[in-house]
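Below: the structure, in structure tokens.
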Amino acid sequence: MKVAILYGTESGNAELLCDDIKDEIGEEHDCEISSLADVTPADLEPETFYIFVTATHGNGDLPANAAGFRDTLEEERPDLSEINFAIFGLGDMVFAETFNQGSEKLMTELLACKAQQVGERGIHDASTGEPPEDIALPWVRACFDGLLAKAA
Amino acid sequence: MPGLAPGHRAEAVTPRIAIVGSGPAGCYVAQALRKALPEAEISVLDRLCVPYGLVRYGVAPDHQGTKGVTRQFARLFERQDVDFLGNIEVGRDIALEELRGAMHAVVIATGLYADRRLGVPGDDLPGVYGSGAITRAWNGHPDSDVAPSFGGRVAVIGNGNVAADVVRLLAKAAGDFAGSDVAAALIGEAVEEIHVIGRGSLAAAKFDVAMLKEIAALSGVRCDLAEGDSIAGPGEAETPIGAAMAEAVKQLRDASAKRIVFHAGWTVARVEADGERVAALTLRRPDGSAEKRLACDSVITAIGFDDDGAIDRASLLQDASADGVLAPGLFAAGWFRRGSQGTIPENRTDAQEVAAAVAAWLSDGTHEDRPGRKVLLDRLGERITTYRDWLAIDAAETDAAEPDRCRRKLRTWSEMKDVIEKQRETA
């Protein structure tokens, strides 16, 4: 299957997690990692499965490289009903009030464009000290199970 | 050999690069350079025997999630063939010019170590501390010889995120440090009042909104405005930070809570002593229209950082270009280049620009072979600490952590040396 892993990052942590996800599923699937700055909603294709990985920045915002993508979803409301996606968010409960709002905002816009979400939004909390990949890799596996179940 | 095109150039020169400083700026430069130059020899030097600089010793010890950025940097040393060479001080162990002679490119990313002083009478009195020195003490820096004594009333000068870190760490109760690596002895439990002084209005304060909200959310803390001060100046527009400040001072808290008082629009005119030690500040409106006295037991300045003079920054920066080129083959990154502005992510963007300039310099194809890191290894040998040594220290620290802490830092070079020697014997 073609899989596109798209990241929104400020510190590089989300980009690194994409490398780990690609390592995990790259043998079975044709994976490509891209910055959300280099993709527009018009580029999305029905035959590709999209995995969004994004941090939260500032006061509950998306990282700068992901903001434009989200704005386009909001302003143009493209029809994404043929698009399957999963989304994983990086956050830090030290900043409790805005925890993981970046991934939440992106998910909300994707759903408003009728994109088909596979699995629940995955969440990592950096304040736990747990490596993000320990949460994200089992989550990715579960998403693929969900995708297969959906196809069947 | 099959597969080689005719005319293949067999002997390409391996680019050899040294990055001085293993903090976030240096590691981000290494990361971007590794992507651009898969074949290059990349060495990251540090004067300390452990890596990560500001992430380990400057980021607040209760922000362990922020310190998690080291996972990225660990990849460099574990999988991406970047070498960590610790316990090497450029200027002491090797002259900068000599290092430049051994390498095709040298990137200075040593940050800014020295606390900027207030520059007013009394700014060197006992009881006046720099935020960098205090943060290093809280973070168990091996050079830290400060045993701070805060007393009941602390004045914090500055309205940026470093000031916010200091205020939060002073305001927290012992129980708020679970999961951090702060040694219990360093917690300012006796602190009852924290006075935060900024020269501008609070609506223009440089605190991140999220940082202010984190302080306001502490259950044992109440935030107040100093009498007669307001959040916004006359006619000043509402800002996100101003709105967060208004929320913070509205919260009702019990009288036993520690008090944080924000003084907006004041500069420090002088620091006053009672005997030897600081006893008060005289604050003055920037236009000179009013003065007030603020009694305090200690003062922490958080008004920026300067270089410590170890490398002659001012003359190196004199002819610097916009993308961090100081001289042919010599580059600067991070705070050393830009001053003490910008968060860790902003320094990532900066580091990528500098790495691009390094790659451009190396790509002109006229470089002759250089000895590279071999010069350092030959001269300093076993004295150099390696990434493997760091892993042993890291493991020793995490193993020694108390139940509600994530690690217990080795605070001295001699403790670290013991762990390193043991590691090397068993290896």
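Chain labels run A, B, ... following the order of the structure tokens; each chain numbers its residues from 1, and ligands are numbered from 1 in the order shown.
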Problem set entry | Surrounding residues of region 120-129 of chain A excluding itself and chain neighbours under 2 positions, 10 Å, only C-alpha atoms, as a ChimeraX atom specification | /A:52-55,86-95,99-100,103-104,107,117-118,131-136,138-140,142-143,146 /B:62-69,179-180,406
Output C-alpha atoms for every residue in that selection, as an mmCIF file, in the first residue's frame.
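For reference, again-v4.cif as written:
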data_model
loop_
_atom_site.group_PDB
_atom_site.id
_atom_site.type_symbol
_atom_site.label_atom_id
_atom_site.label_comp_id
_atom_site.auth_asym_id
_atom_site.auth_seq_id
_atom_site.Cartn_x
_atom_site.Cartn_y
_atom_site.Cartn_z
ATOM 1 C CA PHE A 52 -0.346 12.722 10.136
ATOM 2 C CA VAL A 53 2.118 13.276 12.986
ATOM 3 C CA THR A 54 2.101 16.706 14.541
ATOM 4 C CA ALA A 55 3.319 18.592 17.561
ATOM 5 C CA ALA A 86 -4.812 8.445 10.880
ATOM 6 C CA ILE A 87 -3.410 11.137 13.159
ATOM 7 C CA PHE A 88 -0.929 11.123 16.034
ATOM 8 C CA GLY A 89 -0.152 14.100 18.264
ATOM 9 C CA LEU A 90 2.878 15.000 20.334
ATOM 10 C CA GLY A 91 2.293 17.144 23.414
ATOM 11 C CA ASP A 92 3.465 17.893 26.928
ATOM 12 C CA MET A 93 1.083 17.881 29.902
ATOM 13 C CA VAL A 94 3.282 20.480 31.584
ATOM 14 C CA PHE A 95 1.300 22.824 29.332
ATOM 15 C CA PHE A 99 -2.187 19.853 25.623
ATOM 16 C CA ASN A 100 -2.160 18.272 22.147
ATOM 17 C CA SER A 103 -3.272 17.487 16.521
ATOM 18 C CA GLU A 104 -6.843 18.056 17.665
ATOM 19 C CA MET A 107 -8.044 16.338 12.992
ATOM 20 C CA GLN A 117 -10.369 8.658 10.035
ATOM 21 C CA VAL A 118 -8.925 5.249 10.812
ATOM 22 C CA PRO A 131 9.637 7.453 24.239
ATOM 23 C CA PRO A 132 7.028 8.579 21.686
ATOM 24 C CA GLU A 133 7.743 5.527 19.516
ATOM 25 C CA ASP A 134 6.671 3.205 22.345
ATOM 26 C CA ILE A 135 3.180 4.693 22.073
ATOM 27 C CA ALA A 136 3.130 5.447 18.357
ATOM 28 C CA PRO A 138 1.617 -0.070 18.506
ATOM 29 C CA TRP A 139 -0.849 2.655 17.557
ATOM 30 C CA VAL A 140 0.277 2.497 13.906
ATOM 31 C CA ALA A 142 -3.640 -0.917 15.294
ATOM 32 C CA CYS A 143 -4.446 1.644 12.585
ATOM 33 C CA GLY A 146 -8.463 -1.006 11.422
ATOM 34 C CA ASP B 62 10.883 20.312 35.769
ATOM 35 C CA HIS B 63 10.510 20.504 31.968
ATOM 36 C CA GLN B 64 11.733 16.991 31.246
ATOM 37 C CA GLY B 65 9.497 16.812 28.150
ATOM 38 C CA THR B 66 11.459 19.698 26.606
ATOM 39 C CA LYS B 67 14.669 17.857 27.418
ATOM 40 C CA GLY B 68 13.273 14.941 25.382
ATOM 41 C CA VAL B 69 14.718 16.650 22.296
ATOM 42 C CA GLY B 179 9.163 13.405 37.934
ATOM 43 C CA SER B 180 11.865 16.075 37.717
ATOM 44 C CA CYS B 406 13.706 10.700 36.941
#
Exercise. Please, which residues of chain B lie no more than 12 Å from chain A when the count uses only C-alpha atoms, and can they be set out as a ChimeraX atom specification?
Worked result: /B:24-25,27-28,31-32,60-76,168,176-181,207-218,240-241,244,343-352,398,405-407
For this session: Just the residues within 12 Å of Ile25 (chain A), please, counting only C-alpha atoms, with nothing from its chain fewer than 4 positions along; format it as a ChimeraX atom specification.
Result: /A:1-5,18-21,29-32,51,136-144
Problem set entry | Contacts of Ala18 (chain B) at 9 Å (only C-alpha atoms; same-chain gap of 6+ positions) as a list in words | Glu41, Ile42, Ser43, Val44, Leu45, Leu99, Arg100, Met103, His104, Ala105, Val106, Val107, Ile108, Gly372 and Arg373 of chain B
Exercise. Please, which residues of region 22-253 of chain B, numbered as in this document, come out alpha helix (DSSP H) from DSSP, as a VMD selection string?
Worked result: chain B and resid 24 to 36 53 to 57 64 to 67 70 to 78 96 to 102 131 to 138 161 to 171 209 to 216 240 to 250
For this session: Write out as a PyMOL selection string the residues lying within 8 Å of region 126-143 of chain B, counting only C-alpha atoms and excluding same-chain residues fewer than 5 positions away.
Result: chain B and resi 56-61+113-117+148-150+162-163+166+181-183+186+276-278+297-302+305+409-413
Exercise. Please, which residues of region 31-214 of chain B, numbered as in this document, come out strand (DSSP E or B) from DSSP, as JSON, numbers by chain?
Worked result: {"B": [41, 42, 43, 44, 45, 82, 83, 84, 85, 86, 90, 94, 105, 106, 107, 108, 114, 115, 128, 129, 130, 153, 154, 155, 156, 157, 193, 194, 195, 196, 197, 198]}
Give me a file of those residues, with C-alpha atoms, as an mmCIF file, in the first residue's frame.
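Here's the written file again_31.cif:
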data_model
loop_
_atom_site.group_PDB
_atom_site.id
_atom_site.type_symbol
_atom_site.label_atom_id
_atom_site.label_comp_id
_atom_site.auth_asym_id
_atom_site.auth_seq_id
_atom_site.Cartn_x
_atom_site.Cartn_y
_atom_site.Cartn_z
ATOM 1 C CA GLU B 41 33.331 13.163 9.132
ATOM 2 C CA ILE B 42 31.366 15.124 11.733
ATOM 3 C CA SER B 43 32.666 15.603 15.272
ATOM 4 C CA VAL B 44 30.766 17.417 18.015
ATOM 5 C CA LEU B 45 33.088 18.738 20.722
ATOM 6 C CA VAL B 82 28.513 11.537 14.261
ATOM 7 C CA ASP B 83 31.188 11.453 16.986
ATOM 8 C CA PHE B 84 30.874 13.087 20.388
ATOM 9 C CA LEU B 85 34.258 14.230 21.716
ATOM 10 C CA GLY B 86 33.860 15.495 25.269
ATOM 11 C CA VAL B 90 38.863 24.956 22.380
ATOM 12 C CA ILE B 94 43.583 23.185 21.141
ATOM 13 C CA ALA B 105 34.976 23.540 8.471
ATOM 14 C CA VAL B 106 34.536 24.539 12.112
ATOM 15 C CA VAL B 107 31.184 25.651 13.525
ATOM 16 C CA ILE B 108 31.143 27.511 16.829
ATOM 17 C CA ALA B 114 27.465 34.506 31.177
ATOM 18 C CA ASP B 115 24.536 36.247 32.831
ATOM 19 C CA VAL B 128 22.258 38.902 43.657
ATOM 20 C CA TYR B 129 22.309 35.913 41.314
ATOM 21 C CA GLY B 130 22.180 35.476 37.574
ATOM 22 C CA ARG B 153 11.222 37.529 49.422
ATOM 23 C CA VAL B 154 12.846 37.172 46.042
ATOM 24 C CA ALA B 155 12.949 39.773 43.273
ATOM 25 C CA VAL B 156 13.187 38.387 39.729
ATOM 26 C CA ILE B 157 14.214 40.902 37.072
ATOM 27 C CA GLU B 193 6.827 36.202 47.927
ATOM 28 C CA ILE B 194 8.230 36.533 44.423
ATOM 29 C CA HIS B 195 8.354 39.999 42.890
ATOM 30 C CA VAL B 196 8.697 40.052 39.108
ATOM 31 C CA ILE B 197 9.994 43.278 37.646
ATOM 32 C CA GLY B 198 9.832 44.259 33.987
#
For this session: Excluding region 68-74 of chain A and residues on its chain fewer than 2 positions from it, collect all residues at most 12 Å away from it, counting only C-alpha atoms, and give them as a ChimeraX atom specification.
Result: /A:6-8,35-44,52,54,61-66,76-80,102-115
